[in-house]
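*Asks:* I am attaching a structure below and will ask some questions about it afterwards.
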Amino acid sequence: MRIIAFILNVLLCTSLFAQQLDGPYTDPSYVFHGKQAVIRGKILHATAEELQQLSINYTTVNPTEPTQTPHTVKPQKDGTFEIRLLDKTPYRQIWFKFDKYAYTCLYSHEELTLTFDMEKLKKASVYLTGEGLSFAGKDGKLNQTMNDYIVYDKKHNSDFYKKIDEIEADQVNYLSKLDSLYKIQRRVDQDFLATVGGQFARFITSETDLQYMESKLLYFYRKGERLADLQDLLVPAYAVSNNSTAYFRWLQNYAIRFYQDPQKQRGDNKAALIALDSVLPQPYADLAKAMMDDKDLKEQNNIYGLVIPTMSTVWVKDYLQMQEQEIGDKLAKLEELKKRSTMPLGASTFGEPKMKTTFDASLYLNKYETAEDLLVNLKSQYKDQLVIIDIWGTWCAPCLAQMPYSKTLHEQVKKDSLDVKFVYLCTEGGSSEEKWTNKVLELQQPGTHIFVQQPIIDELFKMFNRSGYPTYVAIKPNGEIDTKAISWIHNVNVDKLKALMQ
């Protein structure tokens, strides 16, 4: 009997342990014992030349800001590649682009193997799932199911997001309309699960619930409504996905706005931490605190210094400690770049020279008193050349997200010997000379950089009939100013620049 009791006890403990691993990471009993996740790829029927030219890009979803990070990976000569995620994150969503042949959504937890068959993919590209792309390994079935679900959802509820956007937030019946739309969505979810089984139902229902609660949080935030209890707004999360990060971002924003000590100023990080810990249970509080951010590296480092000691959720704390180390390394590199950067004499036409870097960036403090004078100087300095102006801010997330594309474009222009200049006008509004310098060095963004007073930026916006960041303007070789040619720099290629030079 003792042996039987012992066996039953072991089985019970094993079952409970499995439930902890398989449960939502928002549950206090959740324990993440996973190792560093690995994604392996196999490319079949590709020539050596094709393998060399293949572009493989993927974007990881993060439980912190920035919520997405782009990466690239090159295949080996034998057609294989491997991605190892250094941090341990449960069921991490990854958006994966296999050149022009396939685009899919991955969930990485332990081990996943992707196989791409070039013979089939050349005949028809794959969106999410289809012939020529297969999933295998421990995470294989989950990935196949989730991509099948997204395809099914788009087919059976294609106008869902359009209908959500059409609801006016100030309507009295906003919540009832929202409930009606999500009732339809949940019915679609259940119809899909009826066809594939319920093994991964928790992931699908959670993703829908997270979207729903994000919409409610946004509604209450904009309406200025303070709820007596946040319990009804808490939903379980199983994957670190776009939906979960958006949910925790708005949970954080809402809790800080309505529950922080009113005598404390907005932006008081210590007061924000106290508010989140006082109104949210663990690990919701930790996941909300993890979203606290600042676009300046030094400020972000200070935030981590405050947040990490308050963490009790082990995997979130471990993740933040890795981010803190990464930021420390970046700050050290910035200091090194500053020491190596110099400004040659006689190089000042845009204003007070700040520095010239080893990565072909020249930094100036604007000396002109009007926007017109600044533009005239740019046109005269770069006469008969195409000038791409980027008006941005160090705190502007969309601006920063576009910088890598601008950097790549700059390198292509240099390679093709095109007469194109890139000028970055950074507003001093909400920033400082130090933050601007550090951000340029952090990005290693080549080009001409000018730190401009906010009134001058306001004049430029009025002149260009624009109002937001980033704003892109092209000054053509003939002197014509084109404010409509570029909406987003990621949509611009060398051919587009050549057309603007005509």
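FYI, nothing fancy with the structure tokens labels: chains A, B, ... in order, residues from 1 per chain, ligands from 1 as they appear.
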Neighbouring residues of Asn62 in chain A were defined as those with any atom within 8 Å, considering only C-alpha atoms; residues of the same chain fewer than 6 positions away were excluded. Please report them as a ChimeraX atom specification.
*Replies:* /A:68-69,92,240-241,245
*Asks:* Report as JSON, numbers by chain all protein, DNA and RNA residues lying within 12 Å of Ile167 in chain A, evaluated on only C-alpha atoms, omitting residues in the same chain fewer than 2 positions from it.
*Replies:* {"A": [160, 161, 162, 163, 164, 165, 169, 170, 171, 172, 173, 174, 175, 176, 177, 178, 179, 180, 181, 215, 219]}
*Asks:* Could you tell me how far CA of Glu82 in chain A lies from CA of Thr67 in chain A, in Å and to one decimal?
*Replies:*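 Computing it gives 22.6 Å between the two atoms.
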*Asks:* Smallest atom-to-atom distance to Asn301 in chain A: which of A:Val314, A:Asp268, A:Ile327, A:Thr358, using only C-alpha atoms?
*Replies:*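 Closest candidate: A:Ile327.
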*Asks:* What is the distance between CA of Ala361 in chain A and CA of Ile450 in chain A, in Å to one decimal?
*Replies:*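 Taking CA of Ala361 in chain A and CA of Ile450 in chain A, their separation equals 10.5 Å.
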*Asks:* Show me, as a list in words, the residues that have an atom within 8 Å of range 191-202 of chain A when counting only C-alpha atoms, minus same-chain residues fewer than 6 positions from it.
*Replies:*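 What passes the distance filter is Leu142, Thr145, Tyr149, Tyr152 and Tyr238 of chain A.
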*Asks:* Got time to write the residues from that selection, N, CA and C atoms, as an mmCIF file, in the first residue's frame?
*Replies:*
```
data_model
loop_
_atom_site.group_PDB
_atom_site.id
_atom_site.type_symbol
_atom_site.label_atom_id
_atom_site.label_comp_id
_atom_site.auth_asym_id
_atom_site.auth_seq_id
_atom_site.Cartn_x
_atom_site.Cartn_y
_atom_site.Cartn_z
ATOM 1 N N LEU A 142 1.771 23.043 -32.161
ATOM 2 C CA LEU A 142 1.219 24.332 -31.744
ATOM 3 C C LEU A 142 1.322 25.347 -32.870
ATOM 4 N N THR A 145 -1.155 24.619 -35.672
ATOM 5 C CA THR A 145 -2.516 24.935 -35.242
ATOM 6 C C THR A 145 -2.760 26.439 -35.217
ATOM 7 N N TYR A 149 -5.329 28.547 -37.466
ATOM 8 C CA TYR A 149 -6.361 29.369 -36.829
ATOM 9 C C TYR A 149 -6.403 30.780 -37.428
ATOM 10 N N TYR A 152 -8.018 30.638 -40.753
ATOM 11 C CA TYR A 152 -9.451 30.374 -40.576
ATOM 12 C C TYR A 152 -10.170 31.645 -40.115
ATOM 13 N N TYR A 238 -0.940 33.235 -22.043
ATOM 14 C CA TYR A 238 -0.112 32.038 -22.218
ATOM 15 C C TYR A 238 1.103 32.290 -23.097
#
```
*Asks:* Under the rule that only C-alpha atoms are counted, which of A:His156, A:Lys383, A:Lys367, A:Arg40 is the nearest residue to Phe135 in chain A?
*Replies:*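 Among the listed residues, A:Arg40 lies closest to Phe135 in chain A.
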*Asks:* I need the residues of range 188-414 of chain A that end up classed as helix (DSSP H, G or I) by DSSP on the backbone, written out as a PyMOL selection string.
*Replies:* chain A and resi 188-196+201-223+231-233+242-259+269-279+284-289+297-310+314-340+371-381+397-414
*Asks:* Hey, what's within 10 Å of Asn493 in chain A if we count only C-alpha atoms and toss same-chain stuff fewer than 4 positions away? As a list in words, please?
*Replies:*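 Listing them by chain and then by number gives Tyr405, Ser406, Thr408, Leu409, Gln412, Val413, Ile489, Leu497 and Lys498 of chain A.
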*Asks:* Please dump the current selection as a PDB file, in the first residue's frame; keep C-alpha atoms.
*Replies:*
```pdb
ATOM      1  CA  TYR A 405      15.647  51.429 -42.973  1.00  0.00           C
ATOM      2  CA  SER A 406      17.109  54.897 -43.469  1.00  0.00           C
ATOM      3  CA  THR A 408      20.287  50.750 -45.088  1.00  0.00           C
ATOM      4  CA  LEU A 409      19.143  53.223 -47.740  1.00  0.00           C
ATOM      5  CA  GLN A 412      22.842  51.619 -50.807  1.00  0.00           C
ATOM      6  CA  VAL A 413      23.126  55.219 -51.989  1.00  0.00           C
ATOM      7  CA  ILE A 489      11.161  55.605 -45.203  1.00  0.00           C
ATOM      8  CA  LEU A 497      15.304  58.073 -55.060  1.00  0.00           C
ATOM      9  CA  LYS A 498      16.400  57.998 -58.691  1.00  0.00           C
TER      10      LYS A 498
END
```
*Asks:* What's around Lys270 in chain A at 10 Å? Count only C-alpha atoms, leave out sequence neighbours fewer than 2 positions away in its own chain, and write the answer as a PyMOL selection string.
*Replies:* chain A and resi 260+264+267-268+272-275+303+306-307
*Asks:* Take the residues from that selection and write them out as a PDB file, in the first residue's frame, keeping N, CA and C atoms.
*Replies:*
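The file below, again.pdb, is the result:
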```pdb
ATOM      1  N   GLN A 260      -2.233  56.006  -9.097  1.00  0.00           N
ATOM      2  CA  GLN A 260      -1.021  56.595  -8.538  1.00  0.00           C
ATOM      3  C   GLN A 260      -1.397  57.729  -7.598  1.00  0.00           C
ATOM      4  N   LYS A 264       1.696  62.974  -6.482  1.00  0.00           N
ATOM      5  CA  LYS A 264       2.934  62.713  -7.212  1.00  0.00           C
ATOM      6  C   LYS A 264       2.765  63.087  -8.682  1.00  0.00           C
ATOM      7  N   GLY A 267       5.205  60.595 -14.409  1.00  0.00           N
ATOM      8  CA  GLY A 267       6.610  60.400 -14.724  1.00  0.00           C
ATOM      9  C   GLY A 267       7.444  60.090 -13.505  1.00  0.00           C
ATOM     10  N   ASP A 268       6.810  60.112 -12.322  1.00  0.00           N
ATOM     11  CA  ASP A 268       7.504  59.721 -11.094  1.00  0.00           C
ATOM     12  C   ASP A 268       7.512  58.197 -11.041  1.00  0.00           C
ATOM     13  N   ALA A 272       4.874  55.329  -9.561  1.00  0.00           N
ATOM     14  CA  ALA A 272       4.216  54.413 -10.498  1.00  0.00           C
ATOM     15  C   ALA A 272       4.363  52.971 -10.029  1.00  0.00           C
ATOM     16  N   LEU A 273       5.556  52.611  -9.551  1.00  0.00           N
ATOM     17  CA  LEU A 273       5.795  51.261  -9.046  1.00  0.00           C
ATOM     18  C   LEU A 273       4.899  50.954  -7.854  1.00  0.00           C
ATOM     19  N   ILE A 274       4.771  51.909  -6.955  1.00  0.00           N
ATOM     20  CA  ILE A 274       3.923  51.720  -5.774  1.00  0.00           C
ATOM     21  C   ILE A 274       2.479  51.510  -6.194  1.00  0.00           C
ATOM     22  N   ALA A 275       2.025  52.289  -7.184  1.00  0.00           N
ATOM     23  CA  ALA A 275       0.638  52.166  -7.653  1.00  0.00           C
ATOM     24  C   ALA A 275       0.388  50.799  -8.268  1.00  0.00           C
ATOM     25  N   ILE A 303      15.414  53.187 -14.823  1.00  0.00           N
ATOM     26  CA  ILE A 303      14.124  52.520 -14.584  1.00  0.00           C
ATOM     27  C   ILE A 303      14.349  51.069 -14.190  1.00  0.00           C
ATOM     28  N   LEU A 306      15.303  50.635 -10.663  1.00  0.00           N
ATOM     29  CA  LEU A 306      14.186  50.737  -9.727  1.00  0.00           C
ATOM     30  C   LEU A 306      13.282  49.511  -9.775  1.00  0.00           C
ATOM     31  N   VAL A 307      13.020  49.018 -10.999  1.00  0.00           N
ATOM     32  CA  VAL A 307      12.017  47.972 -11.192  1.00  0.00           C
ATOM     33  C   VAL A 307      12.506  46.596 -10.751  1.00  0.00           C
TER      34      VAL A 307
END
```
*Asks:* I'd like the contact shell of Gln502 in chain A - 12 Å cut-off, only C-alpha atoms, skipping same-chain residues fewer than 6 positions apart - returned as an MDAnalysis selection string.
*Replies:* chainID A and resid 384:386 419 475:480 495:496
*Asks:* Let me make sure I understand: among A:Thr310, A:Gln381, A:Leu86, A:Leu51, which one has the smallest atom-to-atom distance to Met322 in chain A if we use only C-alpha atoms?
*Replies:*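 The closest residue to Met322 in chain A is A:Leu86.
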